[in-house]
$ cat protein.cif   # mmCIF, N, CA and C atoms
data_final
loop_
_atom_site.label_atom_id
_atom_site.label_comp_id
_atom_site.auth_asym_id
_atom_site.auth_seq_id
_atom_site.Cartn_x
_atom_site.Cartn_y
_atom_site.Cartn_z
N THR A 25 31.01 -23.14 -22.66
CA THR A 25 32.12 -23.63 -21.88
C THR A 25 31.78 -25.01 -21.32
N VAL A 26 32.68 -25.93 -21.45
CA VAL A 26 32.51 -27.27 -20.91
C VAL A 26 33.29 -27.37 -19.61
N MET A 27 32.63 -27.88 -18.57
CA MET A 27 33.27 -28.01 -17.27
C MET A 27 33.42 -29.49 -16.93
N ASN A 28 34.49 -29.84 -16.28
CA ASN A 28 34.62 -31.23 -15.84
C ASN A 28 34.06 -31.36 -14.42
N ALA A 29 34.00 -32.57 -13.92
CA ALA A 29 33.34 -32.84 -12.64
C ALA A 29 34.05 -32.20 -11.45
N THR A 30 35.30 -31.81 -11.59
CA THR A 30 36.02 -31.23 -10.46
C THR A 30 35.87 -29.72 -10.40
N GLN A 31 35.30 -29.11 -11.43
CA GLN A 31 35.11 -27.67 -11.44
C GLN A 31 33.76 -27.31 -10.83
N THR A 32 33.66 -26.12 -10.30
CA THR A 32 32.41 -25.62 -9.75
C THR A 32 31.95 -24.44 -10.58
N SER A 33 30.69 -24.45 -10.91
CA SER A 33 30.13 -23.34 -11.66
C SER A 33 30.12 -22.09 -10.79
N PRO A 34 30.32 -20.91 -11.36
CA PRO A 34 30.28 -19.69 -10.56
C PRO A 34 28.89 -19.38 -10.00
N TRP A 35 27.84 -19.99 -10.52
CA TRP A 35 26.48 -19.73 -10.04
C TRP A 35 25.94 -20.86 -9.18
N ALA A 36 26.71 -21.94 -9.02
CA ALA A 36 26.24 -23.07 -8.21
C ALA A 36 26.45 -22.79 -6.73
N VAL A 37 25.50 -23.25 -5.94
CA VAL A 37 25.61 -23.13 -4.49
C VAL A 37 25.67 -24.55 -3.93
N ILE A 38 26.71 -24.86 -3.19
CA ILE A 38 26.87 -26.17 -2.60
C ILE A 38 26.41 -26.09 -1.15
N LEU A 39 25.31 -26.78 -0.86
CA LEU A 39 24.74 -26.75 0.48
C LEU A 39 25.20 -27.96 1.28
N PRO A 40 25.47 -27.79 2.57
CA PRO A 40 25.89 -28.93 3.39
C PRO A 40 24.75 -29.92 3.56
N ARG A 41 25.05 -31.20 3.36
CA ARG A 41 24.05 -32.26 3.46
C ARG A 41 24.57 -33.33 4.40
N THR A 42 23.65 -34.15 4.89
CA THR A 42 24.01 -35.25 5.77
C THR A 42 23.08 -36.42 5.50
N ILE A 43 23.38 -37.55 6.11
CA ILE A 43 22.57 -38.76 5.95
C ILE A 43 21.86 -39.05 7.27
N VAL A 44 20.56 -39.29 7.17
CA VAL A 44 19.77 -39.78 8.30
C VAL A 44 19.39 -41.21 7.95
N ALA A 45 19.80 -42.16 8.80
CA ALA A 45 19.54 -43.58 8.55
C ALA A 45 18.26 -44.02 9.24
N VAL A 46 17.38 -44.65 8.47
CA VAL A 46 16.19 -45.29 9.02
C VAL A 46 16.49 -46.79 8.93
N ILE A 47 16.63 -47.42 10.09
CA ILE A 47 17.15 -48.79 10.14
C ILE A 47 16.03 -49.78 10.43
N GLY A 48 16.12 -50.92 9.76
CA GLY A 48 15.19 -52.01 10.00
C GLY A 48 14.62 -52.56 8.72
N PRO A 49 14.16 -53.81 8.74
CA PRO A 49 13.65 -54.43 7.52
C PRO A 49 12.39 -53.77 6.98
N ASP A 50 11.65 -53.05 7.81
CA ASP A 50 10.43 -52.38 7.38
C ASP A 50 10.60 -50.87 7.24
N ALA A 51 11.83 -50.41 7.06
CA ALA A 51 12.11 -48.97 6.98
C ALA A 51 11.34 -48.31 5.84
N ALA A 52 11.34 -48.92 4.66
CA ALA A 52 10.63 -48.32 3.52
C ALA A 52 9.12 -48.31 3.77
N LYS A 53 8.60 -49.36 4.35
CA LYS A 53 7.16 -49.40 4.66
C LYS A 53 6.80 -48.33 5.69
N PHE A 54 7.68 -48.13 6.68
CA PHE A 54 7.45 -47.09 7.69
C PHE A 54 7.40 -45.71 7.04
N LEU A 55 8.36 -45.42 6.15
CA LEU A 55 8.42 -44.12 5.49
C LEU A 55 7.28 -43.91 4.51
N GLN A 56 6.75 -44.99 3.97
CA GLN A 56 5.72 -44.90 2.93
C GLN A 56 4.54 -44.01 3.34
N GLY A 57 4.10 -44.09 4.56
CA GLY A 57 2.96 -43.29 5.00
C GLY A 57 3.31 -41.89 5.46
N LEU A 58 4.60 -41.56 5.43
CA LEU A 58 5.04 -40.27 5.96
C LEU A 58 5.52 -39.28 4.90
N ILE A 59 5.91 -39.78 3.74
CA ILE A 59 6.55 -38.93 2.75
C ILE A 59 5.71 -38.83 1.48
N SER A 60 6.12 -37.94 0.58
CA SER A 60 5.33 -37.62 -0.61
C SER A 60 5.53 -38.56 -1.78
N ASN A 61 6.52 -39.43 -1.74
CA ASN A 61 6.78 -40.31 -2.87
C ASN A 61 6.72 -41.76 -2.41
N ASP A 62 6.87 -42.69 -3.34
CA ASP A 62 6.79 -44.11 -3.06
C ASP A 62 8.13 -44.61 -2.49
N ALA A 63 8.22 -44.76 -1.20
CA ALA A 63 9.46 -45.18 -0.54
C ALA A 63 9.85 -46.60 -0.90
N THR A 64 8.90 -47.40 -1.36
CA THR A 64 9.22 -48.78 -1.71
C THR A 64 9.95 -48.88 -3.04
N ARG A 65 10.10 -47.77 -3.77
CA ARG A 65 10.83 -47.76 -5.03
C ARG A 65 12.32 -47.52 -4.85
N THR A 66 12.77 -47.37 -3.62
CA THR A 66 14.20 -47.13 -3.39
C THR A 66 15.00 -48.38 -3.74
N ALA A 67 16.25 -48.18 -4.10
CA ALA A 67 17.17 -49.27 -4.40
C ALA A 67 18.58 -48.74 -4.19
N PRO A 68 19.56 -49.64 -4.02
CA PRO A 68 20.94 -49.18 -3.82
C PRO A 68 21.45 -48.32 -4.99
N ASP A 69 20.93 -48.56 -6.19
CA ASP A 69 21.40 -47.81 -7.35
C ASP A 69 20.37 -46.79 -7.85
N ARG A 70 19.36 -46.47 -7.03
CA ARG A 70 18.32 -45.53 -7.44
C ARG A 70 17.94 -44.62 -6.28
N LEU A 71 17.98 -43.32 -6.55
CA LEU A 71 17.51 -42.34 -5.57
C LEU A 71 16.05 -42.04 -5.82
N VAL A 72 15.31 -41.81 -4.76
CA VAL A 72 13.92 -41.38 -4.86
C VAL A 72 13.83 -40.01 -4.19
N TYR A 73 13.34 -39.03 -4.93
CA TYR A 73 13.17 -37.68 -4.39
C TYR A 73 11.81 -37.61 -3.69
N ALA A 74 11.79 -37.04 -2.50
CA ALA A 74 10.53 -36.92 -1.75
C ALA A 74 10.61 -35.71 -0.83
N PHE A 75 9.48 -35.38 -0.23
CA PHE A 75 9.49 -34.34 0.79
C PHE A 75 8.53 -34.72 1.90
N LEU A 76 8.72 -34.06 3.01
CA LEU A 76 7.93 -34.31 4.20
C LEU A 76 6.94 -33.18 4.39
N LEU A 77 5.72 -33.54 4.71
CA LEU A 77 4.68 -32.55 4.97
C LEU A 77 4.26 -32.62 6.43
N ASN A 78 3.77 -31.52 6.95
CA ASN A 78 3.22 -31.55 8.30
C ASN A 78 1.80 -32.12 8.23
N PRO A 79 1.15 -32.36 9.36
CA PRO A 79 -0.20 -32.95 9.34
C PRO A 79 -1.23 -32.14 8.55
N GLN A 80 -1.00 -30.84 8.38
CA GLN A 80 -1.92 -30.01 7.61
C GLN A 80 -1.59 -30.00 6.12
N GLY A 81 -0.53 -30.72 5.74
CA GLY A 81 -0.16 -30.81 4.33
C GLY A 81 0.78 -29.73 3.85
N LYS A 82 1.38 -28.98 4.76
CA LYS A 82 2.32 -27.94 4.35
C LYS A 82 3.73 -28.51 4.26
N TYR A 83 4.46 -28.01 3.26
CA TYR A 83 5.83 -28.45 3.00
C TYR A 83 6.74 -28.16 4.19
N LEU A 84 7.55 -29.16 4.58
CA LEU A 84 8.56 -28.96 5.62
C LEU A 84 9.96 -28.95 5.02
N PHE A 85 10.35 -30.01 4.33
CA PHE A 85 11.64 -30.07 3.66
C PHE A 85 11.69 -31.26 2.71
N ASP A 86 12.71 -31.26 1.84
CA ASP A 86 12.85 -32.34 0.86
C ASP A 86 14.13 -33.11 1.11
N PHE A 87 14.24 -34.27 0.47
CA PHE A 87 15.39 -35.15 0.64
C PHE A 87 15.37 -36.21 -0.44
N PHE A 88 16.47 -36.96 -0.51
CA PHE A 88 16.57 -38.12 -1.39
C PHE A 88 16.64 -39.37 -0.52
N LEU A 89 16.01 -40.45 -0.98
CA LEU A 89 16.07 -41.73 -0.28
C LEU A 89 16.87 -42.72 -1.11
N ARG A 90 17.58 -43.61 -0.42
CA ARG A 90 18.31 -44.68 -1.10
C ARG A 90 18.27 -45.91 -0.21
N ALA A 91 17.94 -47.05 -0.78
CA ALA A 91 17.94 -48.30 -0.02
C ALA A 91 19.38 -48.71 0.27
N VAL A 92 19.61 -49.15 1.48
CA VAL A 92 20.91 -49.67 1.89
C VAL A 92 20.66 -50.96 2.66
N ASP A 93 21.71 -51.75 2.87
CA ASP A 93 21.55 -52.95 3.67
C ASP A 93 21.04 -52.57 5.05
N GLY A 94 19.92 -53.11 5.41
CA GLY A 94 19.38 -52.88 6.75
C GLY A 94 18.47 -51.68 6.88
N GLY A 95 18.12 -50.99 5.78
CA GLY A 95 17.23 -49.85 5.92
C GLY A 95 17.24 -48.91 4.74
N VAL A 96 16.99 -47.63 5.03
CA VAL A 96 16.92 -46.58 4.02
C VAL A 96 17.70 -45.38 4.54
N ASP A 97 18.54 -44.81 3.67
CA ASP A 97 19.25 -43.57 4.00
C ASP A 97 18.50 -42.39 3.40
N LEU A 98 18.37 -41.31 4.17
CA LEU A 98 17.80 -40.06 3.68
C LEU A 98 18.94 -39.06 3.55
N ASP A 99 19.15 -38.54 2.35
CA ASP A 99 20.14 -37.50 2.09
C ASP A 99 19.40 -36.18 2.23
N VAL A 100 19.71 -35.44 3.28
CA VAL A 100 18.93 -34.26 3.64
C VAL A 100 19.87 -33.10 3.98
N ALA A 101 19.38 -31.88 3.82
CA ALA A 101 20.15 -30.70 4.20
C ALA A 101 20.46 -30.75 5.70
N VAL A 102 21.63 -30.34 6.08
CA VAL A 102 22.06 -30.40 7.49
C VAL A 102 21.08 -29.70 8.41
N GLU A 103 20.56 -28.54 8.00
CA GLU A 103 19.67 -27.78 8.88
C GLU A 103 18.32 -28.47 9.08
N ASP A 104 17.96 -29.44 8.22
CA ASP A 104 16.69 -30.16 8.36
C ASP A 104 16.84 -31.50 9.04
N ALA A 105 18.06 -31.97 9.26
CA ALA A 105 18.30 -33.32 9.74
C ALA A 105 17.68 -33.60 11.12
N ALA A 106 17.74 -32.67 12.02
CA ALA A 106 17.21 -32.90 13.36
C ALA A 106 15.69 -33.10 13.35
N ALA A 107 15.01 -32.40 12.44
CA ALA A 107 13.55 -32.53 12.35
C ALA A 107 13.19 -33.90 11.82
#

$ encode --input "protein.cif" --output "structure tokens"
Amino acid sequence: TVMNATQTSPWAVILPRTIVAVIGPDAAKFLQGLISNDATRTAPDRLVYAFLLNPQGKYLFDFFLRAVDGGVDLDVAVEDAAA
């Protein structure tokens, strides 16, 4: 079966997501030491998948990064946004 972009698969789960903005000219450099992937590879037309670890190296949550004018946006699950 071929589905178009407006259809939803019966097995897909759509989770609520939100954007957390990290603002400033050094936003990517700031994130670089905190996340699992290379934050300096972000671009307006490229998402970078990464996750955040606690100081002991345990997984906390994942997100996508995208460069925007003035900083970096993190696309994250709503329940993880406050952290």

$ closest_residue --input "protein.cif" --among "A:Leu77, A:Ile43, A:Val37, A:Leu84" --to "Val102 in chain A" --atoms "only N, CA and C atoms"
A:Ile43

$ residues_around --input "protein.cif" --residues "Tyr83 in chain A" --least-positions-apart "6" --cutoff "12 Å" --atoms "only C-alpha atoms" --output "CSV table (one decimal) with N, CA and C atoms, in the frame of the given file"
chain,number,residue,atom,x,y,z
A,59,ILE,N,5.9,-39.8,3.7
A,59,ILE,CA,6.6,-38.9,2.8
A,59,ILE,C,5.7,-38.8,1.5
A,60,SER,N,6.1,-37.9,0.6
A,60,SER,CA,5.3,-37.6,-0.6
A,60,SER,C,5.5,-38.6,-1.8
A,74,ALA,N,11.8,-37.0,-2.5
A,74,ALA,CA,10.5,-36.9,-1.8
A,74,ALA,C,10.6,-35.7,-0.8
A,75,PHE,N,9.5,-35.4,-0.2
A,75,PHE,CA,9.5,-34.3,0.8
A,75,PHE,C,8.5,-34.7,1.9
A,76,LEU,N,8.7,-34.1,3.0
A,76,LEU,CA,7.9,-34.3,4.2
A,76,LEU,C,6.9,-33.2,4.4
A,77,LEU,N,5.7,-33.5,4.7
A,77,LEU,CA,4.7,-32.6,5.0
A,77,LEU,C,4.3,-32.6,6.4

$ select_by_dssp --input "protein.cif" --residues "chain A" --states "strand (DSSP E or B)" --output "ChimeraX atom specification"
/A:41-47,59,67,70,72-77,83-92,95-101

$ select_by_dssp --input "protein.cif" --residues "chain A" --states "helix (DSSP H, G or I)" --output "PyMOL selection string"
chain A and resi 51-56+63-65+102-104

$ resolve_selection --input "protein.cif" --expression "the PyMOL selection byres ((chain A and resi 87) around 7)" --output "PyMOL selection string"
chain A and resi 72-76+85-86+88-89+98-101

$ resolve_selection --input "protein.cif" --expression "the PyMOL selection byres ((chain A and resi 94) around 5)" --output "list in words"
Ile47, Gly48, Val92, Asp93, Gly95 and Val96 of chain A

$ atom_distance --input "protein.cif" --atom1 "CA of Gln80 in chain A" --atom2 "CA of Ala67 in chain A"
29.7 Å

$ atom_distance --input "protein.cif" --atom1 "atom N of Thr64 in chain A" --atom2 "atom C of Ala45 in chain A"
14.5 Å

$ atom_distance --input "protein.cif" --atom1 "CA of Thr42 in chain A" --atom2 "CA of Asn61 in chain A"
19.9 Å

$ closest_residue --input "protein.cif" --among "A:Ala51, A:Val44, A:Gly81, A:Arg90" --to "Thr66 in chain A" --atoms "all atoms listed in the file"
A:Arg90

$ decode --input "protein.cif" --residues "range 40-62 of chain A" --atoms "N, CA and C atoms" --output "PDB file, in the first residue's frame"
ATOM      1  N   PRO A  40       4.014  14.464  20.831  1.00  0.00           N
ATOM      2  CA  PRO A  40       4.080  15.929  20.850  1.00  0.00           C
ATOM      3  C   PRO A  40       5.522  16.402  21.013  1.00  0.00           C
ATOM      4  N   ARG A  41       5.911  17.367  20.189  1.00  0.00           N
ATOM      5  CA  ARG A  41       7.275  17.893  20.209  1.00  0.00           C
ATOM      6  C   ARG A  41       7.210  19.407  20.321  1.00  0.00           C
ATOM      7  N   THR A  42       8.322  19.999  20.730  1.00  0.00           N
ATOM      8  CA  THR A  42       8.408  21.442  20.850  1.00  0.00           C
ATOM      9  C   THR A  42       9.824  21.880  20.486  1.00  0.00           C
ATOM     10  N   ILE A  43      10.023  23.176  20.389  1.00  0.00           N
ATOM     11  CA  ILE A  43      11.329  23.741  20.063  1.00  0.00           C
ATOM     12  C   ILE A  43      11.884  24.451  21.289  1.00  0.00           C
ATOM     13  N   VAL A  44      13.137  24.152  21.609  1.00  0.00           N
ATOM     14  CA  VAL A  44      13.881  24.878  22.634  1.00  0.00           C
ATOM     15  C   VAL A  44      14.952  25.659  21.885  1.00  0.00           C
ATOM     16  N   ALA A  45      14.937  26.984  22.024  1.00  0.00           N
ATOM     17  CA  ALA A  45      15.884  27.841  21.310  1.00  0.00           C
ATOM     18  C   ALA A  45      17.096  28.131  22.182  1.00  0.00           C
ATOM     19  N   VAL A  46      18.278  27.894  21.627  1.00  0.00           N
ATOM     20  CA  VAL A  46      19.536  28.291  22.261  1.00  0.00           C
ATOM     21  C   VAL A  46      20.016  29.486  21.442  1.00  0.00           C
ATOM     22  N   ILE A  47      20.030  30.660  22.065  1.00  0.00           N
ATOM     23  CA  ILE A  47      20.240  31.903  21.332  1.00  0.00           C
ATOM     24  C   ILE A  47      21.636  32.450  21.577  1.00  0.00           C
ATOM     25  N   GLY A  48      22.222  32.975  20.510  1.00  0.00           N
ATOM     26  CA  GLY A  48      23.516  33.634  20.603  1.00  0.00           C
ATOM     27  C   GLY A  48      24.464  33.153  19.532  1.00  0.00           C
ATOM     28  N   PRO A  49      25.470  33.962  19.203  1.00  0.00           N
ATOM     29  CA  PRO A  49      26.392  33.590  18.131  1.00  0.00           C
ATOM     30  C   PRO A  49      27.240  32.367  18.462  1.00  0.00           C
ATOM     31  N   ASP A  50      27.400  32.034  19.726  1.00  0.00           N
ATOM     32  CA  ASP A  50      28.189  30.871  20.132  1.00  0.00           C
ATOM     33  C   ASP A  50      27.325  29.705  20.591  1.00  0.00           C
ATOM     34  N   ALA A  51      26.067  29.662  20.166  1.00  0.00           N
ATOM     35  CA  ALA A  51      25.141  28.613  20.599  1.00  0.00           C
ATOM     36  C   ALA A  51      25.661  27.222  20.248  1.00  0.00           C
ATOM     37  N   ALA A  52      26.131  27.030  19.020  1.00  0.00           N
ATOM     38  CA  ALA A  52      26.628  25.711  18.612  1.00  0.00           C
ATOM     39  C   ALA A  52      27.880  25.338  19.406  1.00  0.00           C
ATOM     40  N   LYS A  53      28.753  26.281  19.638  1.00  0.00           N
ATOM     41  CA  LYS A  53      29.960  26.002  20.429  1.00  0.00           C
ATOM     42  C   LYS A  53      29.591  25.636  21.862  1.00  0.00           C
ATOM     43  N   PHE A  54      28.593  26.321  22.424  1.00  0.00           N
ATOM     44  CA  PHE A  54      28.123  26.008  23.777  1.00  0.00           C
ATOM     45  C   PHE A  54      27.596  24.583  23.846  1.00  0.00           C
ATOM     46  N   LEU A  55      26.770  24.192  22.875  1.00  0.00           N
ATOM     47  CA  LEU A  55      26.182  22.855  22.866  1.00  0.00           C
ATOM     48  C   LEU A  55      27.211  21.770  22.593  1.00  0.00           C
ATOM     49  N   GLN A  56      28.275  22.115  21.894  1.00  0.00           N
ATOM     50  CA  GLN A  56      29.276  21.130  21.480  1.00  0.00           C
ATOM     51  C   GLN A  56      29.794  20.279  22.641  1.00  0.00           C
ATOM     52  N   GLY A  57      30.026  20.868  23.785  1.00  0.00           N
ATOM     53  CA  GLY A  57      30.546  20.120  24.915  1.00  0.00           C
ATOM     54  C   GLY A  57      29.493  19.421  25.753  1.00  0.00           C
ATOM     55  N   LEU A  58      28.230  19.586  25.372  1.00  0.00           N
ATOM     56  CA  LEU A  58      27.146  19.036  26.186  1.00  0.00           C
ATOM     57  C   LEU A  58      26.409  17.866  25.552  1.00  0.00           C
ATOM     58  N   ILE A  59      26.496  17.733  24.243  1.00  0.00           N
ATOM     59  CA  ILE A  59      25.677  16.748  23.543  1.00  0.00           C
ATOM     60  C   ILE A  59      26.549  15.687  22.868  1.00  0.00           C
ATOM     61  N   SER A  60      25.900  14.648  22.346  1.00  0.00           N
ATOM     62  CA  SER A  60      26.601  13.481  21.813  1.00  0.00           C
ATOM     63  C   SER A  60      27.075  13.621  20.378  1.00  0.00           C
ATOM     64  N   ASN A  61      26.635  14.638  19.664  1.00  0.00           N
ATOM     65  CA  ASN A  61      27.013  14.773  18.258  1.00  0.00           C
ATOM     66  C   ASN A  61      27.699  16.113  18.045  1.00  0.00           C
ATOM     67  N   ASP A  62      28.166  16.360  16.831  1.00  0.00           N
ATOM     68  CA  ASP A  62      28.882  17.580  16.493  1.00  0.00           C
ATOM     69  C   ASP A  62      27.888  18.712  16.228  1.00  0.00           C
TER      70      ASP A  62
END
